[in-house]
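run.cif, holding mmCIF, C-alpha atoms; chains and numbers go by the auth columns:
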data_run
loop_
_atom_site.group_PDB
_atom_site.id
_atom_site.type_symbol
_atom_site.label_atom_id
_atom_site.label_comp_id
_atom_site.label_asym_id
_atom_site.label_seq_id
_atom_site.Cartn_x
_atom_site.Cartn_y
_atom_site.Cartn_z
_atom_site.B_iso_or_equiv
_atom_site.auth_seq_id
_atom_site.auth_asym_id
ATOM 1 C CA MET A 1 146.699 79.392 123.869 0.00 1 A
ATOM 2 C CA VAL A 2 146.817 80.482 120.248 0.00 2 A
ATOM 3 C CA CYS A 3 146.794 84.197 119.558 0.00 3 A
ATOM 4 C CA ARG A 4 145.704 85.316 116.115 0.00 4 A
ATOM 5 C CA MET A 5 145.877 88.750 114.597 0.00 5 A
ATOM 6 C CA PHE A 6 143.004 89.979 112.459 0.00 6 A
ATOM 7 C CA ARG A 7 142.618 93.108 110.397 0.00 7 A
ATOM 8 C CA ILE A 8 139.188 94.686 110.936 0.00 8 A
ATOM 9 C CA GLU A 9 137.729 96.734 108.057 0.00 9 A
ATOM 10 C CA THR A 10 134.608 98.878 107.835 0.00 10 A
ATOM 11 C CA GLU A 11 134.221 99.230 104.069 0.00 11 A
ATOM 12 C CA VAL A 12 131.044 98.325 102.185 0.00 12 A
ATOM 13 C CA ASP A 13 131.873 95.242 100.134 0.00 13 A
ATOM 14 C CA LYS A 14 129.095 93.524 98.169 0.00 14 A
ATOM 15 C CA THR A 15 131.195 90.448 97.363 0.00 15 A
ATOM 16 C CA ARG A 16 132.031 89.834 101.035 0.00 16 A
ATOM 17 C CA ARG A 17 128.415 90.545 101.973 0.00 17 A
ATOM 18 C CA GLU A 18 127.207 87.786 99.630 0.00 18 A
ATOM 19 C CA LEU A 19 129.876 85.401 100.923 0.00 19 A
ATOM 20 C CA LEU A 20 128.857 86.151 104.511 0.00 20 A
ATOM 21 C CA ILE A 21 125.178 85.528 103.699 0.00 21 A
ATOM 22 C CA THR A 22 126.042 82.224 101.999 0.00 22 A
ATOM 23 C CA ARG A 23 128.177 81.062 104.907 0.00 23 A
ATOM 24 C CA LEU A 24 125.596 82.121 107.508 0.00 24 A
ATOM 25 C CA ARG A 25 122.895 80.261 105.580 0.00 25 A
ATOM 26 C CA GLU A 26 125.101 77.134 105.471 0.00 26 A
ATOM 27 C CA THR A 27 125.833 77.392 109.202 0.00 27 A
ATOM 28 C CA ASN A 28 122.150 77.905 110.061 0.00 28 A
ATOM 29 C CA THR A 29 121.067 75.030 107.812 0.00 29 A
ATOM 30 C CA ALA A 30 123.592 72.703 109.456 0.00 30 A
ATOM 31 C CA ALA A 31 122.481 73.752 112.942 0.00 31 A
ATOM 32 C CA SER A 32 118.697 73.633 112.441 0.00 32 A
ATOM 33 C CA PRO A 33 116.746 70.558 111.338 0.00 33 A
ATOM 34 C CA ILE A 34 113.784 72.843 110.640 0.00 34 A
ATOM 35 C CA LEU A 35 115.784 74.993 108.206 0.00 35 A
ATOM 36 C CA ARG A 36 117.295 71.854 106.630 0.00 36 A
ATOM 37 C CA ALA A 37 113.777 70.557 105.989 0.00 37 A
ATOM 38 C CA LEU A 38 112.772 73.919 104.500 0.00 38 A
ATOM 39 C CA ARG A 39 115.616 73.926 101.925 0.00 39 A
ATOM 40 C CA GLY A 40 114.428 72.947 98.465 0.00 40 A
ATOM 41 C CA THR A 41 110.726 73.464 99.218 0.00 41 A
ATOM 42 C CA PRO A 42 108.511 76.083 97.523 0.00 42 A
ATOM 43 C CA THR A 43 108.259 78.119 100.753 0.00 43 A
ATOM 44 C CA GLU A 44 112.058 78.454 100.984 0.00 44 A
ATOM 45 C CA ARG A 45 112.056 81.323 98.491 0.00 45 A
ATOM 46 C CA GLU A 46 111.167 84.833 99.548 0.00 46 A
ATOM 47 C CA VAL A 47 108.401 85.907 97.133 0.00 47 A
ATOM 48 C CA PRO A 48 107.563 89.633 96.811 0.00 48 A
ATOM 49 C CA LEU A 49 103.982 90.703 97.512 0.00 49 A
ATOM 50 C CA HIS A 50 102.862 94.181 96.431 0.00 50 A
ATOM 51 C CA ILE A 51 99.278 95.486 96.687 0.00 51 A
ATOM 52 C CA TRP A 52 98.320 98.903 95.261 0.00 52 A
ATOM 53 C CA ALA A 53 95.289 101.166 95.701 0.00 53 A
ATOM 54 C CA LEU A 54 94.726 103.674 92.902 0.00 54 A
ATOM 55 C CA ASP A 55 92.253 106.549 93.037 0.00 55 A
ATOM 56 C CA THR A 56 89.795 107.377 90.233 0.00 56 A
ATOM 57 C CA THR A 57 92.503 109.304 88.353 0.00 57 A
ATOM 58 C CA GLY A 58 94.946 106.394 88.552 0.00 58 A
ATOM 59 C CA GLU A 59 97.126 108.091 91.164 0.00 59 A
ATOM 60 C CA LEU A 60 98.604 106.071 94.013 0.00 60 A
ATOM 61 C CA ALA A 61 96.239 106.271 96.984 0.00 61 A
ATOM 62 C CA GLY A 62 98.076 103.662 99.044 0.00 62 A
ATOM 63 C CA GLY A 63 100.131 100.537 98.899 0.00 63 A
ATOM 64 C CA LEU A 64 101.568 97.583 100.725 0.00 64 A
ATOM 65 C CA VAL A 65 105.001 96.105 100.052 0.00 65 A
ATOM 66 C CA GLY A 66 106.069 92.868 101.644 0.00 66 A
ATOM 67 C CA HIS A 67 106.948 89.273 100.915 0.00 67 A
ATOM 68 C CA THR A 68 106.078 85.741 101.864 0.00 68 A
ATOM 69 C CA TRP A 69 108.607 83.242 103.173 0.00 69 A
ATOM 70 C CA ALA A 70 108.368 79.974 105.099 0.00 70 A
ATOM 71 C CA THR A 71 104.561 80.211 105.469 0.00 71 A
ATOM 72 C CA TRP A 72 104.764 83.787 106.784 0.00 72 A
ATOM 73 C CA LEU A 73 103.643 87.094 105.309 0.00 73 A
ATOM 74 C CA TYR A 74 106.000 89.939 106.160 0.00 74 A
ATOM 75 C CA VAL A 75 104.629 93.474 105.714 0.00 75 A
ATOM 76 C CA ALA A 76 107.556 95.835 105.195 0.00 76 A
ATOM 77 C CA TYR A 77 105.596 98.968 104.221 0.00 77 A
ATOM 78 C CA LEU A 78 101.939 100.013 104.343 0.00 78 A
ATOM 79 C CA TRP A 79 101.039 103.579 103.418 0.00 79 A
ATOM 80 C CA VAL A 80 97.822 105.459 102.630 0.00 80 A
ATOM 81 C CA ASP A 81 97.741 109.008 101.261 0.00 81 A
ATOM 82 C CA ASP A 82 96.363 111.541 103.768 0.00 82 A
ATOM 83 C CA ARG A 83 93.437 112.320 101.441 0.00 83 A
ATOM 84 C CA HIS A 84 92.236 108.715 101.636 0.00 84 A
ATOM 85 C CA ARG A 85 92.840 107.901 105.301 0.00 85 A
ATOM 86 C CA GLY A 86 89.771 106.877 107.243 0.00 86 A
ATOM 87 C CA ALA A 87 88.121 105.403 104.136 0.00 87 A
ATOM 88 C CA GLY A 88 89.192 101.809 104.834 0.00 88 A
ATOM 89 C CA VAL A 89 91.994 101.747 102.248 0.00 89 A
ATOM 90 C CA GLY A 90 94.608 100.487 104.717 0.00 90 A
ATOM 91 C CA GLY A 91 92.356 97.674 105.914 0.00 91 A
ATOM 92 C CA ARG A 92 91.581 96.656 102.339 0.00 92 A
ATOM 93 C CA LEU A 93 95.276 96.613 101.390 0.00 93 A
ATOM 94 C CA LEU A 94 96.201 94.551 104.445 0.00 94 A
ATOM 95 C CA GLY A 95 93.203 92.262 103.960 0.00 95 A
ATOM 96 C CA GLU A 96 94.128 91.572 100.341 0.00 96 A
ATOM 97 C CA ALA A 97 97.747 90.854 101.285 0.00 97 A
ATOM 98 C CA GLU A 98 96.552 88.423 103.959 0.00 98 A
ATOM 99 C CA ARG A 99 94.137 86.785 101.493 0.00 99 A
ATOM 100 C CA VAL A 100 96.877 86.244 98.900 0.00 100 A
ATOM 101 C CA ALA A 101 99.260 84.982 101.590 0.00 101 A
ATOM 102 C CA LYS A 102 96.715 82.504 102.991 0.00 102 A
ATOM 103 C CA GLU A 103 94.884 81.334 99.883 0.00 103 A
ATOM 104 C CA GLU A 104 97.544 81.487 97.194 0.00 104 A
ATOM 105 C CA ARG A 105 100.773 81.009 99.170 0.00 105 A
ATOM 106 C CA GLU A 106 99.597 78.829 102.065 0.00 106 A
ATOM 107 C CA CYS A 107 100.848 81.194 104.763 0.00 107 A
ATOM 108 C CA THR A 108 99.765 80.642 108.345 0.00 108 A
ATOM 109 C CA ALA A 109 100.807 83.957 109.909 0.00 109 A
ATOM 110 C CA ALA A 110 101.932 87.540 109.327 0.00 110 A
ATOM 111 C CA ARG A 111 104.398 89.891 110.976 0.00 111 A
ATOM 112 C CA LEU A 112 105.314 93.568 110.760 0.00 112 A
ATOM 113 C CA GLU A 113 106.906 96.437 112.630 0.00 113 A
ATOM 114 C CA THR A 114 105.436 99.875 113.286 0.00 114 A
ATOM 115 C CA TRP A 115 106.345 102.909 115.380 0.00 115 A
ATOM 116 C CA ASP A 116 104.203 104.374 118.153 0.00 116 A
ATOM 117 C CA PHE A 117 103.208 107.419 116.054 0.00 117 A
ATOM 118 C CA GLN A 118 102.273 105.289 113.053 0.00 118 A
ATOM 119 C CA ALA A 119 99.676 102.561 113.395 0.00 119 A
ATOM 120 C CA PRO A 120 99.932 100.099 116.302 0.00 120 A
ATOM 121 C CA GLU A 121 96.231 100.525 117.120 0.00 121 A
ATOM 122 C CA PHE A 122 95.219 100.076 113.478 0.00 122 A
ATOM 123 C CA TYR A 123 97.026 96.728 113.386 0.00 123 A
ATOM 124 C CA ARG A 124 95.501 95.621 116.695 0.00 124 A
ATOM 125 C CA LYS A 125 92.053 96.339 115.235 0.00 125 A
ATOM 126 C CA GLN A 126 93.018 94.108 112.297 0.00 126 A
ATOM 127 C CA GLY A 127 93.699 91.215 114.686 0.00 127 A
ATOM 128 C CA TYR A 128 97.446 91.643 115.213 0.00 128 A
ATOM 129 C CA ASP A 129 99.082 91.054 118.600 0.00 129 A
ATOM 130 C CA VAL A 130 102.069 92.924 119.993 0.00 130 A
ATOM 131 C CA VAL A 131 104.929 90.454 120.525 0.00 131 A
ATOM 132 C CA CYS A 132 107.810 92.884 121.051 0.00 132 A
ATOM 133 C CA VAL A 133 108.196 96.478 122.219 0.00 133 A
ATOM 134 C CA ILE A 134 111.490 98.335 121.784 0.00 134 A
ATOM 135 C CA PRO A 135 111.437 101.694 123.570 0.00 135 A
ATOM 136 C CA ASP A 136 113.689 104.484 122.327 0.00 136 A
ATOM 137 C CA TYR A 137 114.284 102.930 118.875 0.00 137 A
ATOM 138 C CA PRO A 138 115.178 105.389 117.485 0.00 138 A
ATOM 139 C CA PRO A 139 115.567 107.744 120.479 0.00 139 A
ATOM 140 C CA GLY A 140 112.201 109.133 121.522 0.00 140 A
ATOM 141 C CA ILE A 141 110.178 106.580 119.524 0.00 141 A
ATOM 142 C CA THR A 142 108.871 103.130 120.445 0.00 142 A
ATOM 143 C CA GLU A 143 108.910 100.332 117.875 0.00 143 A
ATOM 144 C CA TYR A 144 106.356 97.522 117.993 0.00 144 A
ATOM 145 C CA THR A 145 106.560 94.115 116.359 0.00 145 A
ATOM 146 C CA LEU A 146 103.143 92.579 115.760 0.00 146 A
ATOM 147 C CA THR A 147 102.029 89.181 114.498 0.00 147 A
ATOM 148 C CA LYS A 148 98.776 87.595 113.414 0.00 148 A
ATOM 149 C CA ARG A 149 98.014 83.885 113.154 0.00 149 A
ATOM 150 C CA PHE A 150 95.661 82.939 110.338 0.00 150 A
ATOM 151 C CA GLY A 151 93.451 80.604 112.343 0.00 151 A
ATOM 152 C CA ARG A 152 95.317 77.314 112.264 0.00 152 A
ATOM 153 C CA PRO A 153 93.243 74.688 114.062 0.00 153 A
ATOM 154 C CA GLY A 154 94.567 74.105 117.555 0.00 154 A
ATOM 155 C CA ALA A 155 96.905 77.113 117.500 0.00 155 A
ATOM 156 C CA LEU A 156 97.120 79.091 120.697 0.00 156 A
ATOM 157 C CA PRO A 157 96.910 82.866 120.409 0.00 157 A
ATOM 158 C CA PRO A 158 100.205 84.658 121.090 0.00 158 A
ATOM 159 C CA GLN A 159 100.576 86.309 124.482 0.00 159 A
ATOM 160 C CA GLU A 160 101.609 89.934 124.848 0.00 160 A
ATOM 161 C CA PRO A 161 104.864 90.426 126.769 0.00 161 A
ATOM 162 C CA PRO A 162 104.513 91.784 130.321 0.00 162 A
ATOM 163 C CA GLY A 163 104.511 95.561 130.376 0.00 163 A
ATOM 164 C CA THR A 164 102.984 95.802 126.883 0.00 164 A
ATOM 165 C CA PRO A 165 100.151 98.338 126.677 0.00 165 A
ATOM 166 C CA GLY A 166 96.930 96.353 126.944 0.00 166 A
ATOM 167 C CA ALA A 167 98.616 93.299 128.494 0.00 167 A
ATOM 168 C CA PRO A 168 97.088 91.950 131.719 0.00 168 A
#

Just dump the structure as structure tokens.
Amino acid sequence: MVCRMFRIETEVDKTRRELLITRLRETNTAASPILRALRGTPTEREVPLHIWALDTTGELAGGLVGHTWATWLYVAYLWVDDRHRGAGVGGRLLGEAERVAKEERECTAARLETWDFQAPEFYRKQGYDVVCVIPDYPPGITEYTLTKRFGRPGALPPQEPPGTPGAP
């Protein structure tokens, strides 16, 4: 048996971070034929997607920040100012992001995370399905991961995990 000694460090190091990302990408590409096939294609790149809603004075009424990658739309942030909630702004922002993702970037699905006090029901009404529930993340809050398929022919709808609110 070979025993090796390692020094463990906890410092933030951007150079090592980039090296780690490069090596992980190489390892994943070698291990996955799907990722190998993705390399060098237009969908390999993560492309930012930002949608803004401005009120009549030009002030920010709401916005969506995300990206597309590998035929998926990822919604990182969706926010609507309190003064404009209930007016359909959030649905319009999400709808436009989905339209761009589907029609201009050939995406087939979307994913996002939200907390229990934010908008899980809003996303369900927009056709999203809960695929993961993480209770107590952070403590006292439940995080939901939701996805939506964009109507690929023959695709089966995702099933909610057992114990998910609304699951059979």

Given the PyMOL selection byres ((chain A and resi 101) around 12), the residues it picks as number ranges by chain: A: 43, 47-51, 66-75, 94-100, 102-111, 149-150

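Considering the residues A:Trp115, A:Tyr123, A:Tyr128, A:Trp79 and counting all atoms listed in the file, Tyr144 in chain A has its shortest atom-to-atom contact with A:Trp115.
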
Best match for closeness to Phe117 in chain A among A:Val80, A:Ile134, A:Ile141, A:Ala61, counting all atoms listed in the file: A:Ile141

Atom-to-atom span, CA of Gly58 in chain A and CA of Val89 in chain A, Å: 14.8 Å

For CA of Leu146 in chain A and CA of Val130 in chain A, the interatomic separation in Å (one decimal):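 Taking CA of Leu146 in chain A and CA of Val130 in chain A, their separation equals 4.4 Å.
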
Interatomic distance, CA of Thr114 in chain A to CA of Gly91 in chain A (Å, one decimal):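 Going from CA of Thr114 in chain A over to CA of Gly91 in chain A, I get 15.2 Å.
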
Grab all the atoms of range 92-106 of chain A that the file lists, wrap them in a box along x, y and z, add 6 Å per side, and give me centre plus edge lengths in Å (one decimal) as JSON.
{"center_x": 96.2, "center_y": 87.7, "center_z": 100.8, "size_x": 21.2, "size_y": 29.8, "size_z": 19.3}

Selection: 9 Å around Trp52 in chain A, all atoms listed in the file, excl. self and same-chain fewer than 3 positions, as a ChimeraX atom specification: /A:60-65,93

For the selection just defined, write its residues with C-alpha atoms to a file, as an mmCIF file, in the frame of the given file.
data_model
loop_
_atom_site.group_PDB
_atom_site.id
_atom_site.type_symbol
_atom_site.label_atom_id
_atom_site.label_comp_id
_atom_site.auth_asym_id
_atom_site.auth_seq_id
_atom_site.Cartn_x
_atom_site.Cartn_y
_atom_site.Cartn_z
ATOM 1 C CA LEU A 60 98.604 106.071 94.013
ATOM 2 C CA ALA A 61 96.239 106.271 96.984
ATOM 3 C CA GLY A 62 98.076 103.662 99.044
ATOM 4 C CA GLY A 63 100.131 100.537 98.899
ATOM 5 C CA LEU A 64 101.568 97.583 100.725
ATOM 6 C CA VAL A 65 105.001 96.105 100.052
ATOM 7 C CA LEU A 93 95.276 96.613 101.390
#

Among listed residues A:Arg36, A:Thr15, A:His84, A:Pro120, nearest Glu59 in chain A (using all atoms listed in the file):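 Among the listed residues, A:His84 lies closest to Glu59 in chain A.
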